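Novice: Take a look at coords.cif, mmCIF, C-alpha atoms and all ligand atoms:
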```cif
data_work
#
loop_
_atom_site.label_atom_id
_atom_site.label_comp_id
_atom_site.auth_asym_id
_atom_site.auth_seq_id
_atom_site.Cartn_x
_atom_site.Cartn_y
_atom_site.Cartn_z
CA MET J 1 0.00 0.00 0.00
CA HIS J 2 1.28 3.48 -0.93
CA PRO J 3 1.80 5.96 1.90
CA ALA J 4 -0.91 8.65 2.00
CA GLU J 5 -0.13 11.81 0.03
CA PRO J 6 0.28 14.90 2.26
CA VAL J 7 -2.09 17.80 1.49
CA ASP J 8 -2.75 21.07 3.34
CA LEU J 9 -6.52 20.78 3.48
CA LEU J 10 -9.23 18.23 2.82
CA ILE J 11 -12.77 19.59 2.47
CA THR J 12 -15.62 17.10 2.71
CA PRO J 13 -18.97 18.74 1.95
CA ARG J 14 -22.33 16.96 1.72
CA TRP J 15 -22.73 18.23 -1.86
CA MET J 16 -20.49 19.87 -4.43
CA ILE J 17 -21.39 21.70 -7.65
CA PRO J 18 -18.08 21.93 -9.53
CA VAL J 19 -19.66 23.85 -12.51
CA GLU J 20 -17.35 21.82 -14.76
CA PRO J 21 -18.76 19.45 -15.95
CA HIS J 22 -21.96 21.45 -16.48
CA ALA J 23 -25.09 20.79 -14.38
CA VAL J 24 -23.52 18.14 -12.16
CA THR J 25 -24.05 17.86 -8.40
CA LEU J 26 -21.70 15.50 -6.58
CA GLU J 27 -22.56 13.88 -3.26
CA ASP J 28 -20.07 12.72 -0.64
CA HIS J 29 -17.06 13.92 -2.57
CA ALA J 30 -13.95 15.67 -1.30
CA VAL J 31 -11.59 18.41 -2.44
CA ALA J 32 -7.90 18.13 -1.61
CA VAL J 33 -5.84 21.35 -1.55
CA ARG J 34 -2.09 21.83 -1.54
CA ASN J 35 -0.17 25.11 -1.89
CA GLY J 36 -3.39 26.94 -2.68
CA ARG J 37 -4.27 24.59 -5.57
CA ILE J 38 -6.93 21.95 -5.98
CA VAL J 39 -5.05 18.65 -6.12
CA ALA J 40 -8.05 16.35 -6.56
CA VAL J 41 -11.84 16.17 -6.63
CA CYS J 42 -12.81 12.59 -5.83
CA PRO J 43 -15.22 10.42 -3.83
CA ARG J 44 -14.82 10.96 -0.11
CA ALA J 45 -13.97 7.30 0.59
CA GLU J 46 -11.12 7.47 -1.93
CA ALA J 47 -9.83 10.76 -0.48
CA GLU J 48 -9.75 9.29 3.03
CA THR J 49 -7.20 6.65 2.03
CA ARG J 50 -5.36 8.65 -0.61
CA PHE J 51 -4.58 11.85 1.34
CA ALA J 52 -3.04 12.76 4.69
CA PRO J 53 -4.39 16.27 5.31
CA ALA J 54 -2.76 18.73 7.72
CA GLU J 55 -6.24 20.25 8.19
CA ARG J 56 -9.75 19.09 7.45
CA GLU J 57 -13.05 20.85 7.03
CA ASP J 58 -16.05 18.62 7.38
CA LEU J 59 -19.20 20.31 6.05
CA PRO J 60 -22.07 17.92 6.68
CA ASP J 61 -24.94 20.31 5.76
CA HIS J 62 -23.21 22.32 3.05
CA VAL J 63 -22.84 22.62 -0.65
CA LEU J 64 -19.41 23.61 -1.96
CA ILE J 65 -19.36 25.85 -5.05
CA PRO J 66 -16.58 27.73 -6.87
CA GLY J 67 -15.85 31.27 -5.65
CA LEU J 68 -18.25 33.69 -7.33
CA VAL J 69 -16.87 36.13 -9.92
CA ASN J 70 -18.38 39.62 -9.91
CA LEU J 71 -17.84 40.63 -13.53
CA HIS J 72 -18.66 44.31 -13.06
CA THR J 73 -18.47 46.60 -10.06
CA HIS J 74 -17.31 50.00 -8.89
CA ALA J 75 -16.10 48.81 -5.50
CA ALA J 76 -15.38 52.17 -3.86
CA MET J 77 -18.95 53.34 -4.50
CA THR J 78 -20.03 51.36 -1.42
CA LEU J 79 -19.40 54.66 0.39
CA MET J 80 -22.27 56.14 -1.66
CA ARG J 81 -24.68 53.27 -1.00
CA GLY J 82 -28.18 54.74 -0.83
CA ILE J 83 -27.04 58.35 -1.35
CA ALA J 84 -29.49 58.86 -4.24
CA ASP J 85 -32.16 56.37 -5.23
CA ASP J 86 -35.09 56.28 -7.62
CA LEU J 87 -33.54 58.39 -10.42
CA PRO J 88 -32.87 57.47 -14.09
CA LEU J 89 -29.22 56.93 -15.13
CA MET J 90 -28.29 60.37 -16.51
CA ARG J 91 -29.97 62.35 -13.72
CA TRP J 92 -28.52 59.95 -11.15
CA LEU J 93 -25.01 60.48 -12.61
CA GLN J 94 -25.25 64.22 -13.24
CA GLU J 95 -27.16 65.33 -10.13
CA ALA J 96 -25.91 62.93 -7.48
CA ILE J 97 -22.93 60.74 -8.29
CA TRP J 98 -20.61 62.95 -10.32
CA PRO J 99 -20.88 65.95 -7.91
CA ALA J 100 -20.24 63.72 -4.87
CA GLU J 101 -17.26 62.12 -6.61
CA ALA J 102 -15.88 65.51 -7.64
CA LYS J 103 -15.87 66.57 -3.99
CA HIS J 104 -14.78 63.40 -2.23
CA ALA J 105 -13.21 60.79 -4.47
CA ASN J 106 -9.55 60.66 -3.53
CA ALA J 107 -7.12 57.82 -2.83
CA GLU J 108 -8.33 57.42 0.79
CA PHE J 109 -11.97 57.33 -0.31
CA VAL J 110 -11.16 54.61 -2.84
CA ARG J 111 -9.07 52.58 -0.39
CA ASP J 112 -11.74 52.66 2.34
CA GLY J 113 -14.68 52.14 -0.02
CA THR J 114 -12.91 49.22 -1.70
CA LEU J 115 -12.07 47.65 1.67
CA LEU J 116 -15.77 47.86 2.58
CA ALA J 117 -16.74 46.34 -0.78
CA ALA J 118 -14.19 43.54 -0.45
CA ILE J 119 -15.53 42.64 3.01
CA GLU J 120 -19.11 42.66 1.75
CA MET J 121 -18.26 40.60 -1.34
CA LEU J 122 -16.20 37.97 0.51
CA ARG J 123 -18.98 37.51 3.07
CA GLY J 124 -21.30 36.83 0.15
CA GLY J 125 -19.03 34.26 -1.48
CA ILE J 126 -17.50 36.56 -4.12
CA THR J 127 -13.80 35.76 -4.44
CA CYS J 128 -12.96 37.78 -7.56
CA ALA J 129 -14.20 41.20 -8.69
CA ASN J 130 -13.73 43.06 -11.96
CA ASP J 131 -13.51 46.65 -10.75
CA MET J 132 -13.84 49.98 -12.56
CA TYR J 133 -13.02 53.15 -10.68
CA PHE J 134 -10.35 55.79 -10.09
CA TYR J 135 -7.09 55.53 -8.07
CA PRO J 136 -6.18 51.96 -9.09
CA ASP J 137 -3.28 51.79 -6.61
CA ALA J 138 -5.67 52.40 -3.71
CA ALA J 139 -8.10 49.77 -5.00
CA ALA J 140 -5.31 47.21 -5.54
CA GLU J 141 -4.01 47.90 -2.04
CA ALA J 142 -7.46 47.32 -0.52
CA PHE J 143 -8.12 44.02 -2.33
CA SER J 144 -4.65 42.68 -1.55
CA ARG J 145 -4.96 43.66 2.14
CA ILE J 146 -8.18 41.66 2.46
CA GLY J 147 -6.81 38.80 0.35
CA MET J 148 -9.42 38.88 -2.38
CA ARG J 149 -8.78 38.42 -6.10
CA ALA J 150 -9.44 41.46 -8.29
CA VAL J 151 -9.05 42.78 -11.79
CA ILE J 152 -8.45 46.50 -11.43
CA GLY J 153 -9.76 48.74 -14.19
CA MET J 154 -7.45 51.23 -15.86
CA THR J 155 -10.27 53.71 -16.24
CA VAL J 156 -10.34 56.14 -19.16
CA ILE J 157 -12.75 59.07 -19.43
CA GLU J 158 -12.25 62.31 -21.36
CA PHE J 159 -13.13 64.74 -18.61
CA PRO J 160 -10.81 65.76 -15.76
CA THR J 161 -11.25 64.55 -12.18
CA GLY J 162 -9.12 64.90 -9.08
CA TYR J 163 -7.37 61.74 -10.23
CA ALA J 164 -6.35 62.59 -13.80
CA SER J 165 -6.59 65.46 -16.29
CA ASP J 166 -7.37 63.84 -19.66
CA ALA J 167 -7.59 60.44 -21.37
CA ASP J 168 -3.81 60.16 -21.85
CA ASP J 169 -3.22 61.00 -18.20
CA TYR J 170 -5.72 58.29 -17.10
CA LEU J 171 -3.98 55.75 -19.32
CA ARG J 172 -0.51 56.73 -18.14
CA LYS J 173 -1.53 56.49 -14.48
CA GLY J 174 -3.37 53.19 -14.98
CA LEU J 175 -0.40 51.60 -16.72
CA ALA J 176 2.00 52.84 -14.03
CA ALA J 177 -0.23 51.24 -11.35
CA ARG J 178 -0.26 48.00 -13.35
CA ASP J 179 3.55 48.04 -13.33
CA ARG J 180 3.69 48.63 -9.58
CA TRP J 181 1.38 45.66 -8.83
CA ARG J 182 3.05 43.27 -11.25
CA ASP J 183 4.23 40.92 -8.46
CA GLU J 184 0.93 40.65 -6.55
CA PRO J 185 -0.62 37.37 -7.67
CA LEU J 186 -4.19 38.25 -6.59
CA VAL J 187 -4.32 41.49 -8.58
CA ARG J 188 -4.58 41.90 -12.35
CA PHE J 189 -5.46 44.83 -14.57
CA ALA J 190 -7.84 45.50 -17.45
CA PHE J 191 -8.58 48.56 -19.56
CA ALA J 192 -11.80 50.22 -18.47
CA PRO J 193 -12.91 53.00 -20.82
CA HIS J 194 -16.04 54.30 -19.08
CA ALA J 195 -18.55 54.30 -21.96
CA PRO J 196 -18.89 55.16 -25.67
CA TYR J 197 -20.39 58.56 -24.74
CA THR J 198 -17.48 59.60 -22.49
CA VAL J 199 -14.49 58.38 -24.57
CA SER J 200 -13.28 59.67 -27.98
CA ASP J 201 -12.37 57.68 -31.09
CA THR J 202 -8.71 58.64 -30.67
CA SER J 203 -8.64 57.27 -27.12
CA PHE J 204 -10.37 54.05 -28.18
CA GLU J 205 -7.77 53.55 -30.93
CA HIS J 206 -5.01 53.96 -28.38
CA ILE J 207 -6.68 51.50 -25.96
CA VAL J 208 -7.15 48.87 -28.70
CA GLN J 209 -3.48 49.07 -29.61
CA LEU J 210 -2.37 48.77 -25.96
CA ALA J 211 -4.83 45.92 -25.23
CA HIS J 212 -3.31 43.88 -28.07
CA GLU J 213 0.25 44.68 -26.96
CA LEU J 214 -0.33 43.84 -23.29
CA GLY J 215 -2.98 41.11 -23.60
CA CYS J 216 -5.35 42.92 -21.19
CA PRO J 217 -9.13 42.58 -21.43
CA VAL J 218 -11.21 45.71 -22.11
CA HIS J 219 -14.21 46.32 -19.88
CA MET J 220 -16.80 49.01 -20.73
CA HIS J 221 -20.45 50.03 -20.22
CA LEU J 222 -22.27 49.56 -23.54
CA HIS J 223 -25.87 49.97 -24.74
CA GLU J 224 -27.05 50.54 -21.18
CA THR J 225 -29.93 52.87 -22.11
CA ALA J 226 -31.98 53.66 -25.21
CA GLN J 227 -30.89 57.30 -24.84
CA GLU J 228 -27.22 56.29 -25.25
CA ILE J 229 -28.05 54.74 -28.62
CA ASP J 230 -30.11 57.75 -29.87
CA ASP J 231 -27.34 60.15 -28.81
CA SER J 232 -24.69 58.09 -30.62
CA ILE J 233 -26.72 58.05 -33.85
CA ALA J 234 -27.11 61.85 -33.62
CA ARG J 235 -23.41 62.41 -32.88
CA TYR J 236 -21.59 59.68 -34.85
CA GLY J 237 -24.25 58.45 -37.29
CA GLN J 238 -23.81 54.97 -35.78
CA ARG J 239 -25.09 52.89 -32.91
CA PRO J 240 -22.39 52.56 -30.19
CA LEU J 241 -21.73 48.87 -30.92
CA ALA J 242 -21.19 49.56 -34.65
CA ARG J 243 -18.81 52.36 -33.72
CA MET J 244 -16.88 50.03 -31.38
CA GLU J 245 -16.67 47.40 -34.13
CA ARG J 246 -15.32 50.02 -36.55
CA LEU J 247 -12.70 51.08 -33.98
CA GLY J 248 -11.54 47.48 -33.44
CA LEU J 249 -12.66 47.24 -29.81
CA LEU J 250 -14.56 44.00 -30.42
CA ASP J 251 -11.32 42.30 -31.51
CA THR J 252 -9.87 42.67 -28.02
CA ASP J 253 -10.93 40.48 -25.07
CA PHE J 254 -13.96 42.73 -24.77
CA ILE J 255 -16.49 42.68 -21.92
CA ALA J 256 -19.66 44.62 -22.71
CA VAL J 257 -21.28 45.72 -19.46
CA HIS J 258 -25.11 45.88 -19.39
CA ALA J 259 -25.78 45.35 -23.14
CA VAL J 260 -29.47 45.92 -22.43
CA HIS J 261 -30.52 47.28 -25.84
CA LEU J 262 -29.23 44.91 -28.53
CA ASP J 263 -30.89 43.68 -31.69
CA LEU J 264 -30.37 40.14 -32.99
CA HIS J 265 -27.68 41.21 -35.43
CA GLU J 266 -25.75 42.90 -32.61
CA ILE J 267 -25.94 39.77 -30.44
CA GLU J 268 -24.53 37.78 -33.37
CA THR J 269 -21.78 40.36 -33.92
CA LEU J 270 -20.69 40.14 -30.27
CA ALA J 271 -20.77 36.32 -30.37
CA ALA J 272 -18.80 36.24 -33.65
CA HIS J 273 -16.07 38.36 -32.01
CA ASN J 274 -16.04 36.06 -28.93
CA CYS J 275 -16.94 39.00 -26.68
CA SER J 276 -18.47 38.63 -23.22
CA ILE J 277 -21.44 40.24 -21.49
CA ALA J 278 -21.42 41.46 -17.90
CA HIS J 279 -25.14 41.22 -17.16
CA CYS J 280 -26.19 43.44 -14.22
CA PRO J 281 -29.90 42.71 -13.81
CA THR J 282 -30.50 44.54 -10.52
CA SER J 283 -28.78 47.75 -11.57
CA ASN J 284 -30.68 47.68 -14.88
CA MET J 285 -33.97 47.31 -13.03
CA LYS J 286 -33.20 49.97 -10.44
CA LEU J 287 -32.14 52.61 -13.00
CA ALA J 288 -35.05 51.53 -15.25
CA SER J 289 -32.57 50.88 -18.07
CA GLY J 290 -34.35 47.77 -19.34
CA VAL J 291 -33.66 44.03 -19.45
CA ALA J 292 -30.77 42.46 -21.36
CA PRO J 293 -31.91 39.73 -23.82
CA THR J 294 -29.98 36.95 -22.08
CA ARG J 295 -32.02 34.06 -23.48
CA ALA J 296 -31.18 35.14 -27.03
CA MET J 297 -27.55 35.75 -26.02
CA LEU J 298 -27.10 32.24 -24.58
CA ALA J 299 -28.93 30.69 -27.56
CA ARG J 300 -26.34 32.26 -29.88
CA GLY J 301 -23.39 31.12 -27.79
CA LEU J 302 -22.61 34.53 -26.31
CA ARG J 303 -20.89 34.31 -22.92
CA VAL J 304 -22.92 35.93 -20.13
CA GLY J 305 -21.30 36.66 -16.77
CA LEU J 306 -22.95 38.48 -13.86
CA GLY J 307 -22.11 41.79 -12.25
CA THR J 308 -23.49 43.73 -9.32
CA ASP J 309 -22.49 47.14 -10.67
CA GLY J 310 -21.66 49.66 -7.91
CA ALA J 311 -23.41 49.84 -4.54
CA ALA J 312 -24.84 53.24 -5.46
CA SER J 313 -27.04 51.66 -8.14
CA ASN J 314 -27.88 48.25 -6.70
CA ASN J 315 -27.46 48.63 -3.58
CA ARG J 316 -26.03 45.21 -2.71
CA LEU J 317 -22.83 43.60 -3.96
CA ASP J 318 -24.60 40.27 -3.87
CA LEU J 319 -24.27 37.70 -6.64
CA PHE J 320 -26.89 35.42 -5.05
CA GLN J 321 -29.34 38.23 -5.74
CA GLU J 322 -28.00 38.68 -9.29
CA MET J 323 -28.36 34.95 -10.04
CA ARG J 324 -31.97 35.03 -8.90
CA HIS J 325 -32.81 38.24 -10.75
CA ALA J 326 -31.09 37.03 -13.93
CA ALA J 327 -33.06 33.78 -13.87
CA LEU J 328 -36.41 35.43 -13.12
CA LEU J 329 -36.01 38.29 -15.60
CA ALA J 330 -35.02 35.94 -18.43
CA LYS J 331 -38.19 33.94 -17.83
CA VAL J 332 -40.64 36.82 -17.51
CA THR J 333 -39.33 38.62 -20.61
CA SER J 334 -39.19 35.52 -22.82
CA SER J 335 -42.35 33.77 -21.55
CA ASP J 336 -40.17 30.69 -21.24
CA ALA J 337 -39.87 29.19 -17.75
CA ALA J 338 -36.88 27.14 -18.92
CA ALA J 339 -34.85 30.24 -19.83
CA PHE J 340 -31.71 30.84 -17.71
CA ASP J 341 -32.07 27.72 -15.56
CA VAL J 342 -30.27 27.21 -12.25
CA HIS J 343 -27.14 25.83 -13.87
CA ASP J 344 -27.04 28.69 -16.39
CA ALA J 345 -27.23 31.05 -13.41
CA LEU J 346 -24.45 29.27 -11.51
CA ARG J 347 -22.22 29.14 -14.59
CA SER J 348 -22.79 32.87 -15.21
CA ALA J 349 -21.76 33.71 -11.65
CA THR J 350 -18.58 31.61 -11.82
CA LEU J 351 -16.99 30.11 -14.93
CA ALA J 352 -18.45 32.54 -17.48
CA GLY J 353 -17.00 35.46 -15.50
CA ALA J 354 -13.64 33.73 -15.27
CA GLU J 355 -13.66 33.07 -19.02
CA ALA J 356 -14.55 36.69 -19.76
CA LEU J 357 -11.51 37.80 -17.74
CA ARG J 358 -9.38 35.11 -19.44
CA MET J 359 -8.79 33.61 -15.98
CA ASP J 360 -10.61 30.31 -16.52
CA GLY J 361 -7.31 28.43 -16.40
CA GLU J 362 -7.09 29.58 -12.76
CA ILE J 363 -10.60 30.00 -11.33
CA GLY J 364 -14.31 29.57 -12.08
CA SER J 365 -14.83 25.85 -11.40
CA ILE J 366 -13.76 23.15 -8.92
CA VAL J 367 -11.27 21.26 -11.05
CA ALA J 368 -7.86 19.78 -10.21
CA GLY J 369 -5.08 22.21 -11.08
CA LYS J 370 -7.10 25.39 -10.50
CA ALA J 371 -6.67 27.75 -7.55
CA ALA J 372 -8.72 26.75 -4.49
CA ASP J 373 -11.22 29.64 -4.57
CA LEU J 374 -14.10 27.89 -2.83
CA VAL J 375 -17.35 28.77 -1.07
CA ALA J 376 -19.40 26.67 1.36
CA VAL J 377 -23.10 27.41 1.73
CA SER J 378 -25.04 25.91 4.61
CA LEU J 379 -28.42 24.48 3.63
CA SER J 380 -29.51 23.40 7.10
CA SER J 381 -31.67 26.41 8.01
CA PRO J 382 -35.48 26.26 7.97
CA GLU J 383 -35.67 28.46 4.85
CA CYS J 384 -33.43 25.99 2.98
CA SER J 385 -35.33 22.90 4.11
CA PRO J 386 -36.07 20.44 2.73
CA CYS J 387 -33.36 20.20 0.08
CA PHE J 388 -34.13 18.16 -3.02
CA SER J 389 -31.62 20.07 -5.17
CA PRO J 390 -28.75 22.18 -3.79
CA ALA J 391 -28.42 23.95 -7.17
CA SER J 392 -32.05 25.03 -6.97
CA HIS J 393 -31.50 26.35 -3.44
CA ILE J 394 -28.41 28.34 -4.40
CA VAL J 395 -30.40 30.25 -7.03
CA TYR J 396 -33.95 30.37 -5.62
CA ALA J 397 -33.94 29.82 -1.85
CA ALA J 398 -30.57 30.52 -0.23
CA GLY J 399 -28.86 33.89 0.07
CA ARG J 400 -25.43 35.25 0.84
CA GLU J 401 -26.29 35.03 4.55
CA HIS J 402 -25.98 31.24 4.21
CA VAL J 403 -22.31 31.45 3.15
CA THR J 404 -20.21 30.03 5.98
CA HIS J 405 -16.69 29.46 4.59
CA VAL J 406 -14.74 31.19 1.85
CA TRP J 407 -11.25 30.27 0.65
CA VAL J 408 -9.16 32.30 -1.77
CA ASP J 409 -6.09 30.55 -3.15
CA GLY J 410 -6.62 27.85 -0.50
CA LYS J 411 -6.49 30.34 2.38
CA PRO J 412 -9.50 30.74 4.68
CA ARG J 413 -10.98 34.23 4.28
CA THR J 414 -14.29 33.96 6.14
CA ARG J 415 -15.69 31.80 8.92
CA ASP J 416 -19.34 31.84 9.95
CA ASN J 417 -19.98 34.81 7.70
CA THR J 418 -17.22 36.94 9.25
CA VAL J 419 -14.17 37.99 7.27
CA LEU J 420 -10.95 36.90 8.98
CA TRP J 421 -9.43 40.36 9.10
CA GLU J 422 -8.37 42.14 12.26
CA HIS J 423 -9.64 45.60 11.25
CA ASN J 424 -13.34 44.96 10.61
CA LYS J 425 -14.41 47.26 13.47
CA GLU J 426 -12.07 50.15 12.62
CA LEU J 427 -13.24 50.03 9.03
CA LEU J 428 -16.88 50.50 10.05
CA GLN J 429 -15.89 53.46 12.25
CA CYS J 430 -14.04 54.95 9.31
CA VAL J 431 -17.09 54.43 7.05
CA ARG J 432 -19.19 56.46 9.54
CA VAL J 433 -16.75 59.35 9.17
CA TRP J 434 -17.14 59.20 5.38
CA GLN J 435 -20.91 59.17 5.83
CA THR J 436 -20.72 62.44 7.79
CA PHE J 437 -18.59 64.10 5.08
CA LEU J 438 -20.86 62.94 2.28
CA LYS J 439 -24.01 63.98 4.11
CA GLU J 440 -22.67 67.46 4.84
CA SER J 441 -21.70 68.03 1.23
CA ALA J 442 -25.07 66.75 -0.02
CA SER J 443 -27.00 69.12 2.26
CA SER J 444 -24.77 72.12 1.36
CA GLN J 445 -25.66 71.82 -2.38
ZN ZN N 1 -21.13 50.23 -13.96
#
```
Could you render the structure from this file as structure tokens?

Specialist:
Amino acid sequence: MHPAEPVDLLITPRWMIPVEPHAVTLEDHAVAVRNGRIVAVCPRAEAETRFAPAEREDLPDHVLIPGLVNLHTHAAMTLMRGIADDLPLMRWLQEAIWPAEAKHANAEFVRDGTLLAAIEMLRGGITCANDMYFYPDAAAEAFSRIGMRAVIGMTVIEFPTGYASDADDYLRKGLAARDRWRDEPLVRFAFAPHAPYTVSDTSFEHIVQLAHELGCPVHMHLHETAQEIDDSIARYGQRPLARMERLGLLDTDFIAVHAVHLDLHEIETLAAHNCSIAHCPTSNMKLASGVAPTRAMLARGLRVGLGTDGAASNNRLDLFQEMRHAALLAKVTSSDAAAFDVHDALRSATLAGAEALRMDGEIGSIVAGKAADLVAVSLSSPECSPCFSPASHIVYAAGREHVTHVWVDGKPRTRDNTVLWEHNKELLQCVRVWQTFLKESASSQ
């Protein structure tokens, strides 16, 4: 008999949904982890003889799923959660968000807001976020302090802010931050031009060239509102997507955020270019932007990941909520109860997001060789009983409050819904100070 193979951790959950292969739920299986990597996914009985774990985590009432991937957020905007509700996008931006940002958004604001977002996301089983905001160094610092994976946006917008003066300045600063964080394994960078209506053709051409040179994905709001499309036709004689195709943006690893207003030809164009969608159903509902045609997207092989958008337009960074909303909206708008089923929802919140970020070799499913980004959800509470199908519960019955354990890169990050970080209390005190500042400036307008 061979001696047992040493591993750092053996997790034995009641159920496991690895996401790869698709629509499979395993019972009485185990995950072995060594040096932050998944070494094996195998039946529990086999794992017991094959491995000698230094630590074990027995999860008798839990389902283990891959860490959730939030494909679109503005993490630091947690500090503006609930500052202005019930307004349409352009009024919300112009009357509430942009003035508050002009006054307050600095490196400290971004660091503290991103810390708050990272804590909220980890507690809800999100282990990787694709972020778009200003002060990328401050955001990278926050995510790496908490130990969460992130793709930091190198934001580009034509108008000046406290952070940068023009599009070239944004790009220069974003690229310099990317260089500084080169050696941090949890942090990557992507280009994040804000939207077609805030970025010029010249800047897009520059971004396309750099994205090809550096192999970075490009992440941008697109076709969020009907107004955006009308304005583009008036200004450029083209719908935004056609303009982006002309400028070569669709030939990058392009992630179209929202993509609410698309015709069939545009869905086919995005699929033909192997682009990805960051579907943000709650934000689209709250800002009354519309509903993205996800059933038609999936039918044409277009990759659909899920995003929360920022906490000022959601107001939760909660992918359990996004899975549920995505599933329900797809059904009600297509009159097809089979549209966006539970496994489509789970895949969107995990592997599809990882693929969009070109990180599916590392994360997105529970497969040997990938990083151990794992989430345990307890299904023992009354509201999750009985349990005929753990996948059904994840999408329709459970919530982020049922997340008990989160690992990133094999390291424990939460226990019993608390993030293992020694500064949780100080952070909340600090957030109260920001609240006072923001409230004073709002009432002085
Ligand atoms: Zn957004």

Novice: What residues have any atom no more than 7 Å from ligand ZN 1 (chain N) when counting all atoms listed in the file, and can you list them as a ChimeraX atom specification?

Specialist: /J:72-74,221,309-310

Novice: Let me make sure I understand: among J:Val31, J:Ala100, J:Val187, J:Leu87, which one has the smallest atom-to-atom distance to J:Phe437 if we use all atoms listed in the file?

Specialist: J:Ala100

Novice: Would you mind telling me which residue in J:Pro293, J:Pro160, J:Pro3, J:Gly248 lies nearest to J:Glu266 when using only C-alpha atoms?

Specialist: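 Smallest separation from J:Glu266 among the options: J:Pro293.
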
Novice: Please produce, as CSV, a per-residue contact table for stretch 62-105 of chain J versus stretch 131-138 of chain J (criterion: any atom at most 12 Å away, only C-alpha atoms considered), showing the nearest atom pair and its distance in Å to one decimal, sorted by chain then residue number.

Specialist:
```
residue,atom,partner,partner_atom,distance
J:Val69,CA,J:Asp131,CA,11.1
J:Asn70,CA,J:Asp131,CA,8.6
J:Leu71,CA,J:Asp131,CA,7.9
J:His72,CA,J:Asp131,CA,6.1
J:Thr73,CA,J:Asp131,CA,5.0
J:His74,CA,J:Met132,CA,5.1
J:Ala75,CA,J:Asp131,CA,6.2
J:Ala76,CA,J:Tyr133,CA,7.3
J:Met77,CA,J:Tyr133,CA,8.6
J:Thr78,CA,J:Tyr133,CA,11.8
J:Glu101,CA,J:Phe134,CA,10.0
J:Ala102,CA,J:Phe134,CA,11.4
J:His104,CA,J:Phe134,CA,11.8
J:Ala105,CA,J:Phe134,CA,8.0
```

Novice: Find the distance between atom CA of J:Met154 and atom CA of J:Asn274 and write it in Å to one decimal.

Specialist: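 The value is 21.8 Å.
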
Novice: Skipping near chain neighbours, those fewer than 2 positions away, what residues fall within 9 Å of J:Arg295 using only C-alpha atoms, listed as a PyMOL selection string?

Specialist: chain J and resi 292-293+297-300+330-331+334+339-340

Novice: List the spatial neighbours of J:Val406 as a ChimeraX atom specification - criterion: any atom at most 6 Å away, all atoms listed in the file, same-chain residues fewer than 5 positions off excluded.

Specialist: /J:374-375,412-414

Novice: Using all atoms listed in the file for the distances, tell me which of J:Gly162, J:Pro196, J:Gly124, J:Gly399 is nearest to J:Arg239.

Specialist: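 With all atoms listed in the file as the atom set, the closest residue is J:Pro196.
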
Novice: For J:Leu89, which of J:Ala226, J:Val342, J:Val304, J:Ala234 is the closest residue, counting all atoms listed in the file?

Specialist: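 Of the candidates, the smallest distance to J:Leu89 is held by J:Ala226.
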
Novice: Which one of J:Glu322, J:Leu68, J:Ser378, J:Glu5 sits closest to J:Gly125 if you count only C-alpha atoms?

Specialist: J:Leu68

Novice: To one decimal in Å, tell me the separation between atom CA of J:Leu351 and atom CA of J:Pro66.

Specialist: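 These two atoms are separated by 8.4 Å.
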
Novice: Between J:Glu57, J:Glu224, J:Asp166, J:Glu108, single out the one closest to J:Leu287, counting all atoms listed in the file.

Specialist: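 The shortest atom-to-atom distance to J:Leu287 comes from J:Glu224.
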